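Just below is one structure, and these are the notes that go with it.
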Amino acid sequence: MEDKLLEKSYKEKIIRSPYLLLVPAFLFYLIFWFVPVVSSLYESFTSSSGQISLNNFILVFQDSLFLDAFINTLVFALLSLILQFALALSIAVLVNQNFRGSKLFLFIVLIPMALPPSAIGILWNTGLVESGWINSFLVTTGLQGLLEFLGILESIRLWKAVSGLEAVMTLILIDTWTVMPSIMIIILAGLQNFNEEYREAAQIFGATRWQAFKDVVIPIIKPSIITALLLRLISGLQVWLIGVMIFGFNNVPFLVERIVYYTDKVRTATNSYKLANAYSIFTLALVFTVAFLFLRVTGEKKGGYN
Amino acid sequence: MSYLKLENVKKVYNNKVTAVDNFNLEIEKGEFIAFLGPSGCGKTTTLRMIAGLESVTHGDIRLEGKSIVDLEPRERGISMIFQSYAVWPHMTVYENVAYALKLRKMSKADIDKLVRDVSKTTDISQYLDRYPSQLSGGQRQRVAVARAIAVRPKLFLMDEPLSNLDAKLRVSMRTDLKKIHQDVKSTSIFVTHDQSEALSLADRIVVMNQGVIEQIGSPKDIYHESETMFIAKFIGSPPSNFFRVEVKIEDGKLYLVHNSFSLEFNGNERESLVDKYVNKTVVLSIRPENFTVNKGGFIKAEAKIIEPQGSHVIINTDIGGEEIKIVSDLLELETGENILLGFADKFLLFDPETEKRIK
Amino acid sequence: MDNIWKRTLLYLLIVFISLSILIPLSYLVTISFSSQVEVNDYPKKILPSLYHNLAVEWDSENQNYILMRKNNEGIYRELYISSKYDKFRDYMKSQLNVDLSTERIEEDFLQAKNTGEPTEFKYYKSFLNNYIKFFTVFSGAERALVNSIKAALITIIISMSIGGAVGYALARTAIKRKETIRLASLIVRMFPMVSISVPMAVLLVGYGLFDSMLGLAIVYSIPNIGLTAAITRSIFMGVSKEYEEASLVFGATGAQTFRKITLPLVLPAFAASSMYAFITAWNDTAVSLLLTNKNETLALLIYKSIGGASSIHYAASGAIVLILPALVFTFLLKNYITQMWG
């Protein structure tokens, strides 16, 4: 009798255990995340005959477009981050002042972030071609004439006829148009959730406006901004889709563009699977390294005051 | 010359909302002043104008004779404790207290001595290396106090510093604050909505309501010689009781007539009553402790609810349909007992329309 | 006084930024409403035009009508020459988005024939022509739309159930090592998705889930479960336990309390994270590109249509259809977005 009771309460304990709520998530990530990651790692360090080798990575480094892809990726990720952060910060401070119509402005600024990548591809493609709307706009508003007069433009510009770093710049501008709002939101959230009394106290106790901003406002809203920037940096390192939509494969290479190219376009050749895999692991390593360095540079203390 | 003077200070928001109007006050050095009033009465706004956190729409504020309305907060020589304490979360307690001193470019040694001194006074010495998130509300409040007195300010401003503490802590911190004020010999302005806090701490109280000053006076004046009905009702716990009585003259005698009693009146206000209020209604305000119970009175009543308070009881009854609260030392009284109430001259008279005191 | 300068600068900046966002979109919308002929117009118009300025001239020598159109520069260009009214009807419908009956055309054109002069007509376009055509021109567009909805719904179900459970556990129960779990979910959210798309493809093939909406939904759920867990956790923490306790005291069971008290209070957050999950699935191109073959999502279909220069107006209308859910979502949630990141 006693045993039965014990058994029952033990069973009840298992069923009522809150850890049960975590089990589905745990299983899900085990099967659909952990396993692929590990198998990918394994594959990348294994040659076709099954031995451990770095052959796959050598293939990557020998790939003719590797160096370009690597440089383009780094340049894109770093420059777009700086540009987008600067813009996002200024606009967030602007919107935070709660002027008339700021809610409407907020909605407008959020729109690019909500657009699906393929729609963005169509939007800018129709813009960048010679008879596209960018040139149409310049001509219709007379800016074309002005810019030619100032010597900035020589004639109707062929926006798509660029390559190399110039092409990367074009993509950075498009990406900024798309992505800057999401960074702005996070900075704005930090500013709006910020308790003004912290700043007021600093001003009472001797700080100028600038000192108060530097000593109190920035340190307090910093953590959320750092997280946002880190996520942006990681996304930036994985750029490919916008490059492909505007310039096509192989013309403006990026690391992940190589991955997609070898996975999708050349599915038949055996080497391409290895290349895709090795590129994946390389990119992964790059992302972690950059993320680590970024956190170091921005001096995030673990624990801090949260 | 007064230490701090506010002259006709007025604050208007957005050209529409007047938060503070006609504010005139002179404070002497060393005084402990309380701004008392309900939420939205303008007391915090006025404090913030003195601090420089809000601009003054009209009027002037002079500290030691010099106008400060155009000065930045940090140039005014003031110190402030915020309602939320505003103790900076990313700095340790030590850094919080030392911040202002660092900005003044004091030497490290001087800063250290000063920080440790005030920490001792406010009893936070053992927390100097901790972060605010690791402290309780009361401890954080003491950090805010330490920070405020470390700068040896001319004026010590406090915005409801005790409101976020639990009842017991509030009462003990009250005494601590008064003690610090005396030790440091500062001039303080204390904003609160709690009338018992104001009464126990302040040398003088400024009672505010809807943006204007109702009365300025010592706690005794405010309590016993309230200038308006608002003050009579707001101050005191339990608050004053009000009776609407008619002024009648019969046989040359003046009577205050209520449906439950009729009282012959000969006090100082008699002349004013005869002048303006014959056959009109005035409001008679009497504090709960000023009733006599079963000591030869003239009003019969039933003790409906009795609230024992240990040293005294609060009797809830009704006289002529109006609910009355009486404070008495008759600890043995029972619910439902019939009592005989009386009161002597300890009441005030108010004009029912202007709500001002009839003198 | 310098406040006025500040204000002016502020407003100028705001206008400039708003225009730089709205003008490209306006062009896109215009292109999506353009007829075939207008696609080749240059310069492009910012706002869609509702009608055409056409002119018809009767060529007595060759016994046929010449149809002309006034372009952006105000010049009439020849469009089409024929003697048959029904040929004009077909032409105007397919190339100009103008839908008129043969009888009406005959009636109007005869005026030109009778007067011998070029006669001007103003014909209104059938507005939603492109949008309807989109689904016929792009084979599989309808199916792609359905696929997108399917993938999105499955993603919502998976994310909300698994993620919601985690969020609730983190907020309400006494589980140890909550910080570790939070950190782990942050890492997973941060993890570069594309880097594992290669082994992901292999995995899905192995489970027979390649080229299926369920397979896509699983991949979309990987970051979304973490996100949902974070959102629901903070919402559950915001709902005071005392509401639930009050319900229990007044006689309700745990399940009833959950249904009648907790659920309605957390519904807004649930709605928000569902929308996030929906948008992830709806907008995605990269994952579906790599993990499907024939069963495309709508976003993928649009992606594939990039490059077809002659039918950009249909592609544009598809793009607009693609954009609409996200736009609605942003509008509904714009006030809460800052809170959600807190």
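Going through the structure tokens in order, the chains are called A, B, and so on, while each chain numbers its residues from 1 and the ligands are numbered from 1 in the order shown.
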Inset, instruction - Give me, as a PyMOL selection string, the contact residues of chain A against chain B at a cut-off of 8 Å, counting only C-alpha atoms. - result: chain A and resi 197-198+200-208+216+219-220+304-306
Output as JSON lines one row per residue of chain A within 6 Å of chain C: the closest atom pair and its distance in Å to one decimal place, counting only C-alpha atoms, sorted by chain and residue number ascending.
{"residue": "A:Leu21", "atom": "CA", "partner": "C:Ala165", "partner_atom": "CA", "distance": 5.3}
{"residue": "A:Leu22", "atom": "CA", "partner": "C:Val166", "partner_atom": "CA", "distance": 5.5}
{"residue": "A:Ala25", "atom": "CA", "partner": "C:Ile162", "partner_atom": "CA", "distance": 5.6}
{"residue": "A:Pro36", "atom": "CA", "partner": "C:Pro199", "partner_atom": "CA", "distance": 5.1}
{"residue": "A:Ser40", "atom": "CA", "partner": "C:Pro199", "partner_atom": "CA", "distance": 5.6}
{"residue": "A:Ala114", "atom": "CA", "partner": "C:Ala326", "partner_atom": "CA", "distance": 5.4}
{"residue": "A:Leu115", "atom": "CA", "partner": "C:Ile323", "partner_atom": "CA", "distance": 5.7}
{"residue": "A:Pro116", "atom": "CA", "partner": "C:Asn283", "partner_atom": "CA", "distance": 4.5}
{"residue": "A:Ser118", "atom": "CA", "partner": "C:Tyr303", "partner_atom": "CA", "distance": 4.8}
{"residue": "A:Ala119", "atom": "CA", "partner": "C:Ala319", "partner_atom": "CA", "distance": 4.9}
{"residue": "A:Leu123", "atom": "CA", "partner": "C:Leu28", "partner_atom": "CA", "distance": 6.0}
{"residue": "A:Trp133", "atom": "CA", "partner": "C:Lys44", "partner_atom": "CA", "distance": 5.7}
{"residue": "A:Ser136", "atom": "CA", "partner": "C:Pro43", "partner_atom": "CA", "distance": 4.3}
{"residue": "A:Ala189", "atom": "CA", "partner": "C:Thr338", "partner_atom": "CA", "distance": 4.6}
{"residue": "A:Ser280", "atom": "CA", "partner": "C:Ser195", "partner_atom": "CA", "distance": 4.6}
Inset, instruction - Determine which residues of range 149-295 of chain C receive a DSSP assignment of helix (DSSP H, G or I), computed from the backbone, and state them as a PyMOL selection string. - result: chain C and resi 149-172+178-190+194-206+213-238+241-249+254-283+286-291
Legend entry - Selection near Val313 in chain B, 8 Å with only C-alpha atoms, sequence-local residues under 2 positions removed, as a PyMOL selection string: chain B and resi 306-311+315+327-331
Please produce a file of those selected residues containing C-alpha atoms, as an mmCIF file, in the first residue's frame.
data_model
loop_
_atom_site.group_PDB
_atom_site.id
_atom_site.type_symbol
_atom_site.label_atom_id
_atom_site.label_comp_id
_atom_site.auth_asym_id
_atom_site.auth_seq_id
_atom_site.Cartn_x
_atom_site.Cartn_y
_atom_site.Cartn_z
ATOM 1 C CA ILE B 306 -15.173 51.747 17.337
ATOM 2 C CA GLU B 307 -11.552 51.503 16.127
ATOM 3 C CA PRO B 308 -9.184 50.844 19.016
ATOM 4 C CA GLN B 309 -5.774 52.419 18.463
ATOM 5 C CA GLY B 310 -4.095 51.310 21.663
ATOM 6 C CA SER B 311 -3.719 54.641 23.387
ATOM 7 C CA ILE B 315 -15.446 56.515 17.352
ATOM 8 C CA VAL B 327 -10.942 60.595 19.032
ATOM 9 C CA SER B 328 -11.416 59.707 22.686
ATOM 10 C CA ASP B 329 -9.523 58.126 25.520
ATOM 11 C CA LEU B 330 -12.574 56.176 26.697
ATOM 12 C CA LEU B 331 -10.971 52.809 25.993
#
Excluding Gly190 in chain A and residues on its chain fewer than 3 positions from it, collect all residues at most 10 Å away from it, counting only C-alpha atoms, and give them as an mmCIF file with C-alpha atoms, in the first residue's frame.
data_model
loop_
_atom_site.group_PDB
_atom_site.id
_atom_site.type_symbol
_atom_site.label_atom_id
_atom_site.label_comp_id
_atom_site.auth_asym_id
_atom_site.auth_seq_id
_atom_site.Cartn_x
_atom_site.Cartn_y
_atom_site.Cartn_z
ATOM 1 C CA ALA A 92 16.653 57.677 -32.879
ATOM 2 C CA MET A 184 17.138 52.617 -34.918
ATOM 3 C CA ILE A 185 14.303 50.840 -33.155
ATOM 4 C CA ILE A 186 16.630 49.261 -30.667
ATOM 5 C CA ILE A 187 18.429 52.483 -29.881
ATOM 6 C CA ASN A 193 12.951 53.157 -21.540
ATOM 7 C CA PHE A 194 15.645 55.294 -20.031
ATOM 8 C CA ASN A 195 14.766 56.875 -16.720
ATOM 9 C CA VAL A 217 23.073 57.899 -20.506
ATOM 10 C CA ILE A 218 25.446 55.991 -22.731
ATOM 11 C CA ILE A 220 23.106 52.619 -19.198
ATOM 12 C CA ILE A 221 21.716 52.122 -22.673
ATOM 13 C CA LYS A 222 24.895 50.593 -24.006
ATOM 14 C CA PRO A 223 24.173 46.891 -23.422
ATOM 15 C CA SER A 224 21.067 46.735 -25.563
ATOM 16 C CA ILE A 225 22.785 48.668 -28.325
ATOM 17 C CA THR C 338 9.936 49.485 -28.444
ATOM 18 C CA GLN C 339 8.433 47.637 -25.493
ATOM 19 C CA TRP C 341 12.806 44.886 -27.183
ATOM 20 C CA GLY C 342 12.967 45.947 -23.548
#
Legend entry - Two-atom distance - CA of Val257 in chain B, CA of Arg244 in chain B (Å): 8.6 Å
Inset, instruction - Take CA of Glu179 in chain C and CA of Arg233 in chain C and report the distance between them in Å, one decimal. - result: 12.6 Å
Inset, instruction - Enumerate the residues of range 134-213 of chain B with a DSSP assignment of strand (DSSP E), computed from the backbone, and present them as an NGL selection string. - result: :B and (155-159 or 187-192 or 204-209 or 212-213)
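Residues in contact with Asp264 in chain A at up to 12 Å, not including ones fewer than 2 positions away on its chain and judged by only C-alpha atoms, are Phe249, Val256, Glu257, Arg258, Ile259, Val260, Tyr261, Tyr262, Val266, Arg267, Thr268, Ala269, Ser272, Tyr273, Leu275 and Ala276 of chain A; Ser197, Val198, Ala201, Ala286, Val287, Ser288, Leu289, Leu290, Leu291, Thr292 and Asn293 of chain C.
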Legend entry - Long-range neighbours of Asp318 in chain B as a PyMOL selection string, 9 Å cut-off, only C-alpha atoms, 3 positions minimum in chain: chain B and resi 301-304+321-325
Using C-alpha atoms, can you export the residues from the last selection as a short mmCIF file (atom, residue, chain, number, x, y, z; two decimals), in the first residue's frame?
data_model
loop_
_atom_site.label_atom_id
_atom_site.label_comp_id
_atom_site.auth_asym_id
_atom_site.auth_seq_id
_atom_site.Cartn_x
_atom_site.Cartn_y
_atom_site.Cartn_z
CA ALA B 301 -25.27 59.96 19.33
CA GLU B 302 -24.62 56.31 18.99
CA ALA B 303 -21.09 54.89 18.76
CA LYS B 304 -21.58 52.94 15.56
CA GLY B 321 -26.93 62.21 8.80
CA GLU B 322 -23.32 63.37 8.55
CA GLU B 323 -20.58 60.91 9.38
CA ILE B 324 -18.38 62.05 12.23
CA LYS B 325 -15.13 60.71 13.63
#
Legend entry - Counting only C-alpha atoms, the option among A:Phe247, A:Phe26, A:Trp124, A:Phe149 closest to Ala161 in chain A: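 Counting only C-alpha atoms, the residue closest to Ala161 in chain A is A:Phe247.
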Legend entry - Test item: residues at most 9 Å from Ser126 in chain C, only C-alpha atoms, excluding those fewer than 5 positions along its chain, as a list of chain:residue names: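 Residues near the query, excluding close chain neighbours: C:Leu50, C:Tyr51, C:Lys93, C:Asn97, C:Val98, C:Asp99.
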Keeping N, CA and C atoms for every residue in the selection just given, could you write it to a file as a short mmCIF file (atom, residue, chain, number, x, y, z; two decimals), in the first residue's frame?
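In the end it all went to selection-v1.cif:
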data_model
loop_
_atom_site.label_atom_id
_atom_site.label_comp_id
_atom_site.auth_asym_id
_atom_site.auth_seq_id
_atom_site.Cartn_x
_atom_site.Cartn_y
_atom_site.Cartn_z
N LEU C 50 -3.97 56.79 -64.11
CA LEU C 50 -5.21 56.04 -64.13
C LEU C 50 -5.76 55.85 -65.54
N TYR C 51 -5.20 56.62 -66.45
CA TYR C 51 -5.76 56.55 -67.81
C TYR C 51 -4.66 56.80 -68.83
N LYS C 93 -6.15 45.67 -74.50
CA LYS C 93 -6.28 44.94 -73.24
C LYS C 93 -4.93 44.44 -72.78
N ASN C 97 -3.71 47.73 -70.72
CA ASN C 97 -4.62 47.50 -69.59
C ASN C 97 -5.95 48.20 -69.76
N VAL C 98 -6.34 48.50 -70.98
CA VAL C 98 -7.64 49.14 -71.20
C VAL C 98 -8.61 48.08 -71.70
N ASP C 99 -9.69 47.95 -70.97
CA ASP C 99 -10.63 46.87 -71.30
C ASP C 99 -11.92 47.46 -71.89
#
